[in-house]
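Here is start.pdb, consisting of PDB, C-alpha atoms, pLDDT in the B column:
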```
ATOM      1  CA  MET A   1       0.000   0.000   0.000  1.00 92.00           C
ATOM      2  CA  ILE A   2       1.178   3.477  -0.836  1.00 97.00           C
ATOM      3  CA  ASP A   3      -0.226   6.926   0.053  1.00 98.00           C
ATOM      4  CA  VAL A   4      -0.911   8.968  -3.057  1.00 98.00           C
ATOM      5  CA  LEU A   5      -1.453  12.726  -2.645  1.00 98.00           C
ATOM      6  CA  TYR A   6      -2.782  15.248  -5.144  1.00 98.00           C
ATOM      7  CA  PHE A   7      -2.437  19.029  -5.046  1.00 98.00           C
ATOM      8  CA  ALA A   8      -3.887  22.076  -6.826  1.00 98.00           C
ATOM      9  CA  TRP A   9      -5.658  21.315 -10.123  1.00 98.00           C
ATOM     10  CA  VAL A  10      -4.598  17.658  -9.988  1.00 98.00           C
ATOM     11  CA  ARG A  11      -6.539  17.354  -6.702  1.00 98.00           C
ATOM     12  CA  GLU A  12      -9.523  19.158  -8.190  1.00 97.00           C
ATOM     13  CA  ARG A  13      -9.552  17.063 -11.353  1.00 97.00           C
ATOM     14  CA  ILE A  14      -9.349  13.764  -9.482  1.00 98.00           C
ATOM     15  CA  GLY A  15     -11.716  14.959  -6.774  1.00 97.00           C
ATOM     16  CA  LEU A  16      -9.789  13.967  -3.670  1.00 97.00           C
ATOM     17  CA  PRO A  17      -6.665  15.109  -1.828  1.00 98.00           C
ATOM     18  CA  ARG A  18      -5.196  11.702  -0.976  1.00 98.00           C
ATOM     19  CA  GLU A  19      -5.883   7.981  -1.097  1.00 98.00           C
ATOM     20  CA  ARG A  20      -4.281   4.656  -0.218  1.00 98.00           C
ATOM     21  CA  VAL A  21      -3.436   2.688  -3.341  1.00 97.00           C
ATOM     22  CA  GLU A  22      -2.767  -1.026  -3.582  1.00 95.00           C
ATOM     23  CA  THR A  23      -0.175  -1.309  -6.316  1.00 95.00           C
ATOM     24  CA  GLY A  24       2.647  -3.445  -7.569  1.00 91.00           C
ATOM     25  CA  ALA A  25       3.969  -0.634  -9.797  1.00 96.00           C
ATOM     26  CA  ALA A  26       7.753  -0.671 -10.099  1.00 97.00           C
ATOM     27  CA  THR A  27       8.133   2.986 -11.105  1.00 98.00           C
ATOM     28  CA  VAL A  28       6.197   6.243 -10.903  1.00 98.00           C
ATOM     29  CA  ALA A  29       5.376   5.912 -14.606  1.00 98.00           C
ATOM     30  CA  ASP A  30       3.890   2.442 -13.960  1.00 98.00           C
ATOM     31  CA  LEU A  31       1.759   3.855 -11.144  1.00 98.00           C
ATOM     32  CA  VAL A  32       0.572   6.669 -13.431  1.00 98.00           C
ATOM     33  CA  ALA A  33      -0.400   4.085 -16.080  1.00 97.00           C
ATOM     34  CA  GLU A  34      -2.425   2.157 -13.457  1.00 97.00           C
ATOM     35  CA  LEU A  35      -4.185   5.305 -12.249  1.00 97.00           C
ATOM     36  CA  ARG A  36      -4.916   6.490 -15.799  1.00 97.00           C
ATOM     37  CA  ALA A  37      -6.633   3.184 -16.571  1.00 96.00           C
ATOM     38  CA  ARG A  38      -8.972   3.545 -13.582  1.00 95.00           C
ATOM     39  CA  GLU A  39     -11.433   6.251 -14.603  1.00 95.00           C
ATOM     40  CA  GLU A  40     -11.808   9.220 -16.894  1.00 96.00           C
ATOM     41  CA  ARG A  41     -10.999  11.747 -14.125  1.00 97.00           C
ATOM     42  CA  TYR A  42      -7.622  10.087 -13.578  1.00 98.00           C
ATOM     43  CA  ALA A  43      -6.970   9.890 -17.321  1.00 97.00           C
ATOM     44  CA  ALA A  44      -7.735  13.620 -17.547  1.00 96.00           C
ATOM     45  CA  ALA A  45      -5.448  14.531 -14.642  1.00 97.00           C
ATOM     46  CA  PHE A  46      -2.558  12.457 -15.998  1.00 97.00           C
ATOM     47  CA  ALA A  47      -3.100  13.196 -19.699  1.00 96.00           C
ATOM     48  CA  ASP A  48       0.166  15.133 -19.960  1.00 95.00           C
ATOM     49  CA  THR A  49       2.776  14.222 -17.370  1.00 94.00           C
ATOM     50  CA  SER A  50       5.137  16.876 -18.721  1.00 94.00           C
ATOM     51  CA  ALA A  51       2.736  19.342 -17.025  1.00 93.00           C
ATOM     52  CA  LEU A  52       3.141  17.517 -13.700  1.00 97.00           C
ATOM     53  CA  ARG A  53       5.756  17.130 -11.010  1.00 97.00           C
ATOM     54  CA  VAL A  54       6.147  14.215  -8.615  1.00 98.00           C
ATOM     55  CA  ALA A  55       7.568  13.932  -5.113  1.00 98.00           C
ATOM     56  CA  LEU A  56       8.549  10.651  -3.432  1.00 98.00           C
ATOM     57  CA  ASP A  57       8.472  10.786   0.371  1.00 98.00           C
ATOM     58  CA  GLN A  58       8.422  14.592   0.088  1.00 98.00           C
ATOM     59  CA  GLU A  59      11.474  14.907  -2.198  1.00 96.00           C
ATOM     60  CA  LEU A  60      11.130  16.049  -5.801  1.00 96.00           C
ATOM     61  CA  SER A  61      11.739  13.135  -8.117  1.00 97.00           C
ATOM     62  CA  GLY A  62      11.083  11.959 -11.666  1.00 97.00           C
ATOM     63  CA  PHE A  63       8.566   9.741 -13.443  1.00 97.00           C
ATOM     64  CA  ASP A  64      11.190   7.077 -14.143  1.00 97.00           C
ATOM     65  CA  ALA A  65      12.068   6.741 -10.437  1.00 98.00           C
ATOM     66  CA  PRO A  66      11.550   3.365  -8.726  1.00 98.00           C
ATOM     67  CA  LEU A  67       8.848   3.028  -6.064  1.00 97.00           C
ATOM     68  CA  ALA A  68      10.548   0.360  -3.954  1.00 95.00           C
ATOM     69  CA  GLY A  69      10.408   1.407  -0.290  1.00 95.00           C
ATOM     70  CA  VAL A  70       8.445   4.593  -1.031  1.00 97.00           C
ATOM     71  CA  ARG A  71       5.556   5.326   1.341  1.00 97.00           C
ATOM     72  CA  GLU A  72       4.186   8.577  -0.070  1.00 98.00           C
ATOM     73  CA  VAL A  73       3.848   9.731  -3.677  1.00 98.00           C
ATOM     74  CA  ALA A  74       2.562  13.227  -4.487  1.00 98.00           C
ATOM     75  CA  PHE A  75       1.470  14.576  -7.871  1.00 98.00           C
ATOM     76  CA  PHE A  76       1.106  18.295  -8.524  1.00 98.00           C
ATOM     77  CA  PRO A  77       1.582  21.014 -11.142  1.00 97.00           C
ATOM     78  CA  PRO A  78       4.784  23.102 -11.249  1.00 97.00           C
ATOM     79  CA  MET A  79       5.008  25.122  -8.045  1.00 97.00           C
ATOM     80  CA  THR A  80       4.029  28.781  -7.864  1.00 96.00           C
ATOM     81  CA  GLY A  81       5.181  30.037  -4.480  1.00 93.00           C
ATOM     82  CA  GLY A  82       6.921  33.248  -3.542  1.00 89.00           C
TER      83      GLY A  82
ATOM     84  CA  MET B   1      17.571  30.163  10.763  1.00 87.00           C
ATOM     85  CA  ARG B   2      13.844  30.609  11.130  1.00 91.00           C
ATOM     86  CA  ILE B   3      11.195  29.195   8.820  1.00 96.00           C
ATOM     87  CA  ARG B   4       7.486  29.725   9.324  1.00 97.00           C
ATOM     88  CA  VAL B   5       4.671  28.391   7.146  1.00 98.00           C
ATOM     89  CA  GLN B   6       1.425  29.753   8.487  1.00 98.00           C
ATOM     90  CA  ALA B   7      -2.172  30.681   7.706  1.00 98.00           C
ATOM     91  CA  GLU B   8      -2.080  33.683  10.070  1.00 98.00           C
ATOM     92  CA  PRO B   9      -1.191  37.172   8.820  1.00 97.00           C
ATOM     93  CA  PHE B  10       2.163  38.608   9.849  1.00 97.00           C
ATOM     94  CA  ASP B  11       3.566  42.107  10.141  1.00 97.00           C
ATOM     95  CA  PRO B  12       6.606  42.467   7.826  1.00 96.00           C
ATOM     96  CA  GLY B  13       7.835  45.619   9.575  1.00 96.00           C
ATOM     97  CA  GLY B  14       7.709  44.008  13.000  1.00 97.00           C
ATOM     98  CA  GLU B  15       9.452  40.904  11.689  1.00 97.00           C
ATOM     99  CA  VAL B  16      12.293  42.949  10.189  1.00 96.00           C
ATOM    100  CA  ALA B  17      12.758  44.838  13.445  1.00 97.00           C
ATOM    101  CA  ALA B  18      12.845  41.628  15.484  1.00 97.00           C
ATOM    102  CA  PHE B  19      15.186  39.915  12.999  1.00 97.00           C
ATOM    103  CA  SER B  20      17.604  42.853  12.896  1.00 96.00           C
ATOM    104  CA  ALA B  21      17.605  43.176  16.670  1.00 96.00           C
ATOM    105  CA  ALA B  22      18.498  39.501  17.100  1.00 95.00           C
ATOM    106  CA  VAL B  23      21.408  39.220  14.639  1.00 94.00           C
ATOM    107  CA  ARG B  24      24.918  39.576  16.028  1.00 90.00           C
ATOM    108  CA  GLY B  25      27.937  40.273  13.914  1.00 91.00           C
ATOM    109  CA  ALA B  26      26.134  41.174  10.689  1.00 96.00           C
ATOM    110  CA  GLY B  27      26.789  44.366   8.762  1.00 96.00           C
ATOM    111  CA  ALA B  28      23.846  44.053   6.377  1.00 98.00           C
ATOM    112  CA  VAL B  29      20.215  42.958   6.520  1.00 98.00           C
ATOM    113  CA  VAL B  30      18.219  42.644   3.279  1.00 98.00           C
ATOM    114  CA  THR B  31      14.497  41.953   3.339  1.00 97.00           C
ATOM    115  CA  PHE B  32      11.859  41.312   0.726  1.00 97.00           C
ATOM    116  CA  SER B  33       8.107  41.011   1.175  1.00 97.00           C
ATOM    117  CA  GLY B  34       5.682  39.812  -1.475  1.00 96.00           C
ATOM    118  CA  LEU B  35       2.142  41.228  -1.542  1.00 96.00           C
ATOM    119  CA  VAL B  36      -1.066  39.977  -3.142  1.00 96.00           C
ATOM    120  CA  ARG B  37      -1.740  42.011  -6.312  1.00 93.00           C
ATOM    121  CA  ASP B  38      -5.257  42.956  -7.363  1.00 90.00           C
ATOM    122  CA  GLU B  39      -4.256  43.069 -11.067  1.00 88.00           C
ATOM    123  CA  GLY B  40      -6.059  46.342 -11.715  1.00 90.00           C
ATOM    124  CA  GLY B  41      -9.078  45.408  -9.614  1.00 89.00           C
ATOM    125  CA  ARG B  42      -9.630  42.085 -11.407  1.00 90.00           C
ATOM    126  CA  LEU B  43      -8.789  39.964  -8.358  1.00 93.00           C
ATOM    127  CA  THR B  44     -10.624  39.760  -5.067  1.00 95.00           C
ATOM    128  CA  GLY B  45      -8.057  37.532  -3.406  1.00 96.00           C
ATOM    129  CA  MET B  46      -5.794  34.547  -3.572  1.00 97.00           C
ATOM    130  CA  GLU B  47      -5.899  31.012  -2.193  1.00 98.00           C
ATOM    131  CA  ILE B  48      -2.540  29.384  -1.514  1.00 98.00           C
ATOM    132  CA  GLU B  49      -2.319  25.621  -1.191  1.00 98.00           C
ATOM    133  CA  HIS B  50       0.774  23.844   0.141  1.00 98.00           C
ATOM    134  CA  TYR B  51       2.118  20.405   0.965  1.00 98.00           C
ATOM    135  CA  PRO B  52       2.473  20.255   4.759  1.00 97.00           C
ATOM    136  CA  GLY B  53       5.713  18.548   5.718  1.00 96.00           C
ATOM    137  CA  MET B  54       7.383  18.827   2.343  1.00 98.00           C
ATOM    138  CA  THR B  55       7.021  22.622   2.394  1.00 98.00           C
ATOM    139  CA  GLU B  56       9.092  23.020   5.557  1.00 97.00           C
ATOM    140  CA  LYS B  57      11.710  20.513   4.343  1.00 97.00           C
ATOM    141  CA  ALA B  58      12.047  22.128   0.908  1.00 97.00           C
ATOM    142  CA  ILE B  59      12.390  25.628   2.363  1.00 97.00           C
ATOM    143  CA  GLY B  60      14.870  24.311   4.923  1.00 97.00           C
ATOM    144  CA  ALA B  61      17.065  22.850   2.184  1.00 97.00           C
ATOM    145  CA  ILE B  62      16.957  26.106   0.185  1.00 97.00           C
ATOM    146  CA  VAL B  63      17.821  28.182   3.265  1.00 98.00           C
ATOM    147  CA  ASP B  64      20.671  25.820   4.205  1.00 97.00           C
ATOM    148  CA  GLU B  65      22.155  26.247   0.747  1.00 97.00           C
ATOM    149  CA  ALA B  66      21.896  30.048   0.933  1.00 98.00           C
ATOM    150  CA  VAL B  67      23.502  30.116   4.386  1.00 97.00           C
ATOM    151  CA  ALA B  68      26.406  27.985   3.181  1.00 97.00           C
ATOM    152  CA  ARG B  69      26.980  29.839  -0.093  1.00 97.00           C
ATOM    153  CA  TRP B  70      26.910  33.372   1.267  1.00 97.00           C
ATOM    154  CA  ALA B  71      28.066  32.710   4.854  1.00 97.00           C
ATOM    155  CA  LEU B  72      24.875  34.199   6.244  1.00 98.00           C
ATOM    156  CA  VAL B  73      24.732  35.140   9.895  1.00 97.00           C
ATOM    157  CA  ASP B  74      20.995  34.430   9.893  1.00 97.00           C
ATOM    158  CA  ALA B  75      18.013  34.010   7.562  1.00 98.00           C
ATOM    159  CA  LEU B  76      14.251  34.170   7.950  1.00 98.00           C
ATOM    160  CA  VAL B  77      11.514  32.873   5.636  1.00 98.00           C
ATOM    161  CA  ILE B  78       7.814  33.343   6.337  1.00 98.00           C
ATOM    162  CA  HIS B  79       5.225  32.062   3.818  1.00 98.00           C
ATOM    163  CA  ARG B  80       1.475  32.122   4.244  1.00 98.00           C
ATOM    164  CA  HIS B  81      -1.109  29.670   2.960  1.00 98.00           C
ATOM    165  CA  GLY B  82      -4.889  29.771   2.821  1.00 98.00           C
ATOM    166  CA  ARG B  83      -7.080  32.702   1.794  1.00 98.00           C
ATOM    167  CA  LEU B  84      -5.453  36.110   1.332  1.00 98.00           C
ATOM    168  CA  ARG B  85      -6.751  39.492   0.210  1.00 97.00           C
ATOM    169  CA  PRO B  86      -5.157  42.029  -2.144  1.00 96.00           C
ATOM    170  CA  GLY B  87      -2.476  43.977  -0.272  1.00 96.00           C
ATOM    171  CA  ASP B  88      -1.819  41.191   2.226  1.00 97.00           C
ATOM    172  CA  ALA B  89       1.783  40.083   2.692  1.00 97.00           C
ATOM    173  CA  ILE B  90       2.127  36.569   1.189  1.00 97.00           C
ATOM    174  CA  MET B  91       5.684  35.951   2.245  1.00 97.00           C
ATOM    175  CA  MET B  92       8.938  37.531   3.256  1.00 98.00           C
ATOM    176  CA  VAL B  93      12.608  36.692   3.377  1.00 98.00           C
ATOM    177  CA  ALA B  94      15.313  38.351   5.424  1.00 98.00           C
ATOM    178  CA  THR B  95      19.031  37.693   5.172  1.00 98.00           C
ATOM    179  CA  ALA B  96      21.810  38.915   7.428  1.00 98.00           C
ATOM    180  CA  ALA B  97      25.428  38.855   6.281  1.00 98.00           C
ATOM    181  CA  GLY B  98      28.727  40.590   6.817  1.00 97.00           C
ATOM    182  CA  HIS B  99      28.244  42.860   3.816  1.00 97.00           C
ATOM    183  CA  ARG B 100      25.371  43.904   1.550  1.00 97.00           C
ATOM    184  CA  GLY B 101      26.524  41.992  -1.548  1.00 98.00           C
ATOM    185  CA  GLU B 102      26.074  38.625   0.158  1.00 98.00           C
ATOM    186  CA  ALA B 103      22.799  39.653   1.801  1.00 98.00           C
ATOM    187  CA  PHE B 104      21.282  40.858  -1.515  1.00 98.00           C
ATOM    188  CA  ALA B 105      22.446  37.823  -3.482  1.00 98.00           C
ATOM    189  CA  ALA B 106      21.177  35.376  -0.855  1.00 98.00           C
ATOM    190  CA  ALA B 107      17.776  37.110  -0.710  1.00 98.00           C
ATOM    191  CA  GLU B 108      17.414  36.896  -4.509  1.00 97.00           C
ATOM    192  CA  PHE B 109      18.492  33.266  -4.498  1.00 97.00           C
ATOM    193  CA  LEU B 110      15.934  32.473  -1.797  1.00 97.00           C
ATOM    194  CA  MET B 111      13.169  34.207  -3.762  1.00 96.00           C
ATOM    195  CA  ASP B 112      14.042  32.464  -7.034  1.00 95.00           C
ATOM    196  CA  TYR B 113      14.069  29.040  -5.390  1.00 95.00           C
ATOM    197  CA  LEU B 114      10.986  29.590  -3.229  1.00 95.00           C
ATOM    198  CA  LYS B 115       9.025  30.446  -6.384  1.00 93.00           C
ATOM    199  CA  SER B 116       9.589  27.148  -8.134  1.00 90.00           C
ATOM    200  CA  ARG B 117      11.020  24.643  -5.628  1.00 95.00           C
ATOM    201  CA  ALA B 118       8.829  25.099  -2.552  1.00 97.00           C
ATOM    202  CA  PRO B 119       5.487  23.259  -2.855  1.00 98.00           C
ATOM    203  CA  PHE B 120       3.011  26.148  -2.923  1.00 98.00           C
ATOM    204  CA  TRP B 121       0.290  26.679  -5.522  1.00 98.00           C
ATOM    205  CA  LYS B 122      -1.525  29.969  -6.002  1.00 97.00           C
ATOM    206  CA  LYS B 123      -5.112  30.270  -7.152  1.00 97.00           C
ATOM    207  CA  GLU B 124      -6.341  33.703  -8.191  1.00 96.00           C
ATOM    208  CA  LEU B 125      -9.857  34.542  -7.059  1.00 97.00           C
ATOM    209  CA  GLY B 126     -11.884  37.018  -9.087  1.00 94.00           C
ATOM    210  CA  ALA B 127     -15.444  38.177  -9.586  1.00 88.00           C
ATOM    211  CA  GLU B 128     -15.692  35.941 -12.647  1.00 87.00           C
ATOM    212  CA  GLY B 129     -14.297  32.798 -11.072  1.00 93.00           C
ATOM    213  CA  SER B 130     -10.987  31.404  -9.990  1.00 96.00           C
ATOM    214  CA  GLU B 131      -7.914  30.158 -11.787  1.00 96.00           C
ATOM    215  CA  TRP B 132      -4.680  28.370 -10.840  1.00 97.00           C
ATOM    216  CA  VAL B 133      -1.625  30.479 -11.554  1.00 95.00           C
ATOM    217  CA  ALA B 134       0.565  28.829 -14.203  1.00 93.00           C
ATOM    218  CA  ALA B 135       4.292  28.564 -13.584  1.00 91.00           C
ATOM    219  CA  LYS B 136       6.306  30.833 -15.882  1.00 90.00           C
ATOM    220  CA  ASP B 137       9.237  29.639 -17.977  1.00 87.00           C
ATOM    221  CA  ALA B 138      11.069  32.728 -16.710  1.00 88.00           C
ATOM    222  CA  ASP B 139      10.800  31.426 -13.127  1.00 88.00           C
ATOM    223  CA  GLU B 140      12.525  28.192 -14.087  1.00 87.00           C
ATOM    224  CA  ALA B 141      15.104  30.079 -16.169  1.00 88.00           C
ATOM    225  CA  ALA B 142      15.852  32.317 -13.166  1.00 89.00           C
ATOM    226  CA  LEU B 143      17.322  29.310 -11.334  1.00 90.00           C
ATOM    227  CA  LYS B 144      20.025  28.879 -13.966  1.00 90.00           C
ATOM    228  CA  ARG B 145      21.846  32.038 -12.925  1.00 90.00           C
ATOM    229  CA  TRP B 146      22.706  30.406  -9.583  1.00 91.00           C
TER     230      TRP B 146
END
```

Written as structure tokens, how would this file's structure read?
Amino acid sequence: MIDVLYFAWVRERIGLPRERVETGAATVADLVAELRAREERYAAAFADTSALRVALDQELSGFDAPLAGVREVAFFPPMTGG
Amino acid sequence: MRIRVQAEPFDPGGEVAAFSAAVRGAGAVVTFSGLVRDEGGRLTGMEIEHYPGMTEKAIGAIVDEAVARWALVDALVIHRHGRLRPGDAIMMVATAAGHRGEAFAAAEFLMDYLKSRAPFWKKELGAEGSEWVAAKDADEAALKRW
């Protein structure tokens, strides 16, 4: 089981801020493929991953990163702080 | 080093005074505060979302790098989240260093990195609806100068 978090328009598009996901995905990209296949709202949120960023256990990472040992995955658009 | 991520308003002037009073051995303090724009009356406010936990860690890493690179005596970052109104202070940074060159450079570095490496997302609220602010290519490009 892995905690998956969504922020900003990704959260709005999917309709929830976080969920527990049962997955055997080896990489972030594999997890994205599983989520996309679930429902239209997921497919819409993950239509273009170049518009998204991912963090693994609260560290910025990449879509080709392995998920082994990861407890928390977060998907969000590019950050707009400051 | 002090980092605060908070929903509550803060008083930039009071923070600068307290920061300056507490630093020892610095010859320069540079501060920046960012305010919510109303974009010519188009906006009624701003909603700022963040990633609790990661936000503090990401800012901490950015501040640590600034302190090491410019030998800062002290640094302060305050960033708000939640609902803000035009004119409200969104965030501020303060840097204290031996001389002004280091303090200015570190403050600019902190601002550039906070914009695109700290997990905050701004949503503009207007009379005709709301819209997420898109990241600008220029913000990403600004990191390259460091």

Residues of chain A within 7 Å of chain B: nearest atom pair and distance (Å, one decimal) for each, counting all atoms listed in the file, sorted by chain and number, as JSON lines?
```
{"residue": "A:Ala8", "atom": "CA", "partner": "B:Trp121", "partner_atom": "CA", "distance": 6.4}
{"residue": "A:Gln58", "atom": "CA", "partner": "B:Met54", "partner_atom": "CA", "distance": 4.9}
{"residue": "A:Pro78", "atom": "CA", "partner": "B:Ala135", "partner_atom": "CA", "distance": 6.0}
{"residue": "A:Met79", "atom": "CA", "partner": "B:Ser116", "partner_atom": "CA", "distance": 5.0}
{"residue": "A:Thr80", "atom": "CA", "partner": "B:Trp121", "partner_atom": "CA", "distance": 4.9}
{"residue": "A:Gly81", "atom": "CA", "partner": "B:Lys115", "partner_atom": "CA", "distance": 4.3}
{"residue": "A:Gly82", "atom": "CA", "partner": "B:Lys115", "partner_atom": "CA", "distance": 4.5}
```

Next, dump the selected residues to file, keeping only C-alpha atoms, as a PDB file, in the frame of the given file.
```pdb
ATOM      1  CA  ALA A   8      -3.887  22.076  -6.826  1.00 98.00           C
ATOM      2  CA  GLN A  58       8.422  14.592   0.088  1.00 98.00           C
ATOM      3  CA  PRO A  78       4.784  23.102 -11.249  1.00 97.00           C
ATOM      4  CA  MET A  79       5.008  25.122  -8.045  1.00 97.00           C
ATOM      5  CA  THR A  80       4.029  28.781  -7.864  1.00 96.00           C
ATOM      6  CA  GLY A  81       5.181  30.037  -4.480  1.00 93.00           C
ATOM      7  CA  GLY A  82       6.921  33.248  -3.542  1.00 89.00           C
TER       8      GLY A  82
END
```

I need the residue nearest Gly13 (chain B) from this list: B:Val63, B:Ala71, B:Ala94, B:Met1. Use only C-alpha atoms for the distance.
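Looking only at the distances to Gly13 (chain B), the closest residue turns out to be B:Ala94.
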
Contacts of Glu72 (chain A) at 7 Å or less, counting all atoms listed in the file, minus same-chain residues fewer than 4 places along, as a list of chain:residue names?
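Everything that qualifies: A:Ile2, A:Asp3, A:Val4, A:Leu56, A:Asp57.
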
Would you save the residues from that selection as a PDB file, keeping the file's coordinate frame, using C-alpha atoms?
```
ATOM      1  CA  ILE A   2       1.178   3.477  -0.836  1.00 97.00           C
ATOM      2  CA  ASP A   3      -0.226   6.926   0.053  1.00 98.00           C
ATOM      3  CA  VAL A   4      -0.911   8.968  -3.057  1.00 98.00           C
ATOM      4  CA  LEU A  56       8.549  10.651  -3.432  1.00 98.00           C
ATOM      5  CA  ASP A  57       8.472  10.786   0.371  1.00 98.00           C
TER       6      ASP A  57
END
```

Would you work out the distance separating CA of Ala28 (chain B) from CA of Val73 (chain B), expressed in Å to one decimal?
9.6 Å

Nearest residue to Glu39 (chain B) from the set B:Ala75, B:Leu125, B:Val16, B:Ile3 (distances using only C-alpha atoms)
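Closest candidate: B:Leu125.
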
Answer key for the PyMOL selection byres ((chain A and resi 26-30) around 8), residues as a ChimeraX atom specification
/A:24-25,31-34,62-68

Given the PyMOL selection byres ((chain A and resi 49) around 10), the residues it picks as a list in words
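Against this file, the PyMOL selection byres ((chain A and resi 49) around 10) returns the residues Ala29, Val32, Ala45, Phe46, Ala47, Asp48, Ser50, Ala51, Leu52, Arg53, Val54, Phe63, Phe75, Phe76 and Pro77 of chain A.
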
Output check: residues returned by the PyMOL selection byres ((chain B and resi 25) around 12), as a PDB file with C-alpha atoms, keeping the file's coordinate frame:
```pdb
ATOM      1  CA  SER B  20      17.604  42.853  12.896  1.00 96.00           C
ATOM      2  CA  ALA B  21      17.605  43.176  16.670  1.00 96.00           C
ATOM      3  CA  ALA B  22      18.498  39.501  17.100  1.00 95.00           C
ATOM      4  CA  VAL B  23      21.408  39.220  14.639  1.00 94.00           C
ATOM      5  CA  ARG B  24      24.918  39.576  16.028  1.00 90.00           C
ATOM      6  CA  ALA B  26      26.134  41.174  10.689  1.00 96.00           C
ATOM      7  CA  GLY B  27      26.789  44.366   8.762  1.00 96.00           C
ATOM      8  CA  ALA B  28      23.846  44.053   6.377  1.00 98.00           C
ATOM      9  CA  VAL B  29      20.215  42.958   6.520  1.00 98.00           C
ATOM     10  CA  ALA B  71      28.066  32.710   4.854  1.00 97.00           C
ATOM     11  CA  LEU B  72      24.875  34.199   6.244  1.00 98.00           C
ATOM     12  CA  VAL B  73      24.732  35.140   9.895  1.00 97.00           C
ATOM     13  CA  ASP B  74      20.995  34.430   9.893  1.00 97.00           C
ATOM     14  CA  ALA B  96      21.810  38.915   7.428  1.00 98.00           C
ATOM     15  CA  ALA B  97      25.428  38.855   6.281  1.00 98.00           C
ATOM     16  CA  GLY B  98      28.727  40.590   6.817  1.00 97.00           C
ATOM     17  CA  HIS B  99      28.244  42.860   3.816  1.00 97.00           C
TER      18      HIS B  99
END
```

Only N, CA, C and O atoms needed: put region 86-98 of chain B from the block into a file as a PDB file, in the first residue's frame.
```
ATOM      1  N   PRO B  86      -6.112  41.119  -1.506  1.00  0.00           N
ATOM      2  CA  PRO B  86      -5.157  42.029  -2.144  1.00  0.00           C
ATOM      3  C   PRO B  86      -4.515  42.952  -1.097  1.00  0.00           C
ATOM      4  O   PRO B  86      -5.197  43.438  -0.202  1.00  0.00           O
ATOM      5  N   GLY B  87      -3.207  43.131  -1.221  1.00  0.00           N
ATOM      6  CA  GLY B  87      -2.476  43.977  -0.272  1.00  0.00           C
ATOM      7  C   GLY B  87      -1.878  43.204   0.886  1.00  0.00           C
ATOM      8  O   GLY B  87      -0.968  43.694   1.549  1.00  0.00           O
ATOM      9  N   ASP B  88      -2.387  41.991   1.138  1.00  0.00           N
ATOM     10  CA  ASP B  88      -1.819  41.191   2.226  1.00  0.00           C
ATOM     11  C   ASP B  88      -0.394  40.769   1.881  1.00  0.00           C
ATOM     12  O   ASP B  88      -0.083  40.508   0.715  1.00  0.00           O
ATOM     13  N   ALA B  89       0.443  40.639   2.892  1.00  0.00           N
ATOM     14  CA  ALA B  89       1.783  40.083   2.692  1.00  0.00           C
ATOM     15  C   ALA B  89       1.650  38.568   2.549  1.00  0.00           C
ATOM     16  O   ALA B  89       1.080  37.907   3.411  1.00  0.00           O
ATOM     17  N   ILE B  90       2.141  38.027   1.421  1.00  0.00           N
ATOM     18  CA  ILE B  90       2.127  36.569   1.189  1.00  0.00           C
ATOM     19  C   ILE B  90       3.318  35.938   1.895  1.00  0.00           C
ATOM     20  O   ILE B  90       3.210  34.887   2.501  1.00  0.00           O
ATOM     21  N   MET B  91       4.463  36.562   1.742  1.00  0.00           N
ATOM     22  CA  MET B  91       5.684  35.951   2.245  1.00  0.00           C
ATOM     23  C   MET B  91       6.750  37.006   2.449  1.00  0.00           C
ATOM     24  O   MET B  91       6.631  38.120   1.942  1.00  0.00           O
ATOM     25  N   MET B  92       7.781  36.655   3.166  1.00  0.00           N
ATOM     26  CA  MET B  92       8.938  37.531   3.256  1.00  0.00           C
ATOM     27  C   MET B  92      10.195  36.713   3.485  1.00  0.00           C
ATOM     28  O   MET B  92      10.135  35.589   3.976  1.00  0.00           O
ATOM     29  N   VAL B  93      11.316  37.275   3.041  1.00  0.00           N
ATOM     30  CA  VAL B  93      12.608  36.692   3.377  1.00  0.00           C
ATOM     31  C   VAL B  93      13.463  37.801   3.985  1.00  0.00           C
ATOM     32  O   VAL B  93      13.302  38.969   3.645  1.00  0.00           O
ATOM     33  N   ALA B  94      14.322  37.421   4.889  1.00  0.00           N
ATOM     34  CA  ALA B  94      15.313  38.351   5.424  1.00  0.00           C
ATOM     35  C   ALA B  94      16.638  37.604   5.495  1.00  0.00           C
ATOM     36  O   ALA B  94      16.672  36.426   5.843  1.00  0.00           O
ATOM     37  N   THR B  95      17.698  38.289   5.108  1.00  0.00           N
ATOM     38  CA  THR B  95      19.031  37.693   5.172  1.00  0.00           C
ATOM     39  C   THR B  95      19.956  38.654   5.901  1.00  0.00           C
ATOM     40  O   THR B  95      19.866  39.870   5.722  1.00  0.00           O
ATOM     41  N   ALA B  96      20.818  38.100   6.717  1.00  0.00           N
ATOM     42  CA  ALA B  96      21.810  38.915   7.428  1.00  0.00           C
ATOM     43  C   ALA B  96      23.190  38.369   7.093  1.00  0.00           C
ATOM     44  O   ALA B  96      23.421  37.164   7.192  1.00  0.00           O
ATOM     45  N   ALA B  97      24.082  39.271   6.672  1.00  0.00           N
ATOM     46  CA  ALA B  97      25.428  38.855   6.281  1.00  0.00           C
ATOM     47  C   ALA B  97      26.419  39.936   6.693  1.00  0.00           C
ATOM     48  O   ALA B  97      26.034  41.008   7.167  1.00  0.00           O
ATOM     49  N   GLY B  98      27.685  39.626   6.465  1.00  0.00           N
ATOM     50  CA  GLY B  98      28.727  40.590   6.817  1.00  0.00           C
ATOM     51  C   GLY B  98      28.602  41.874   6.013  1.00  0.00           C
ATOM     52  O   GLY B  98      28.773  42.971   6.548  1.00  0.00           O
TER      53      GLY B  98
END
```
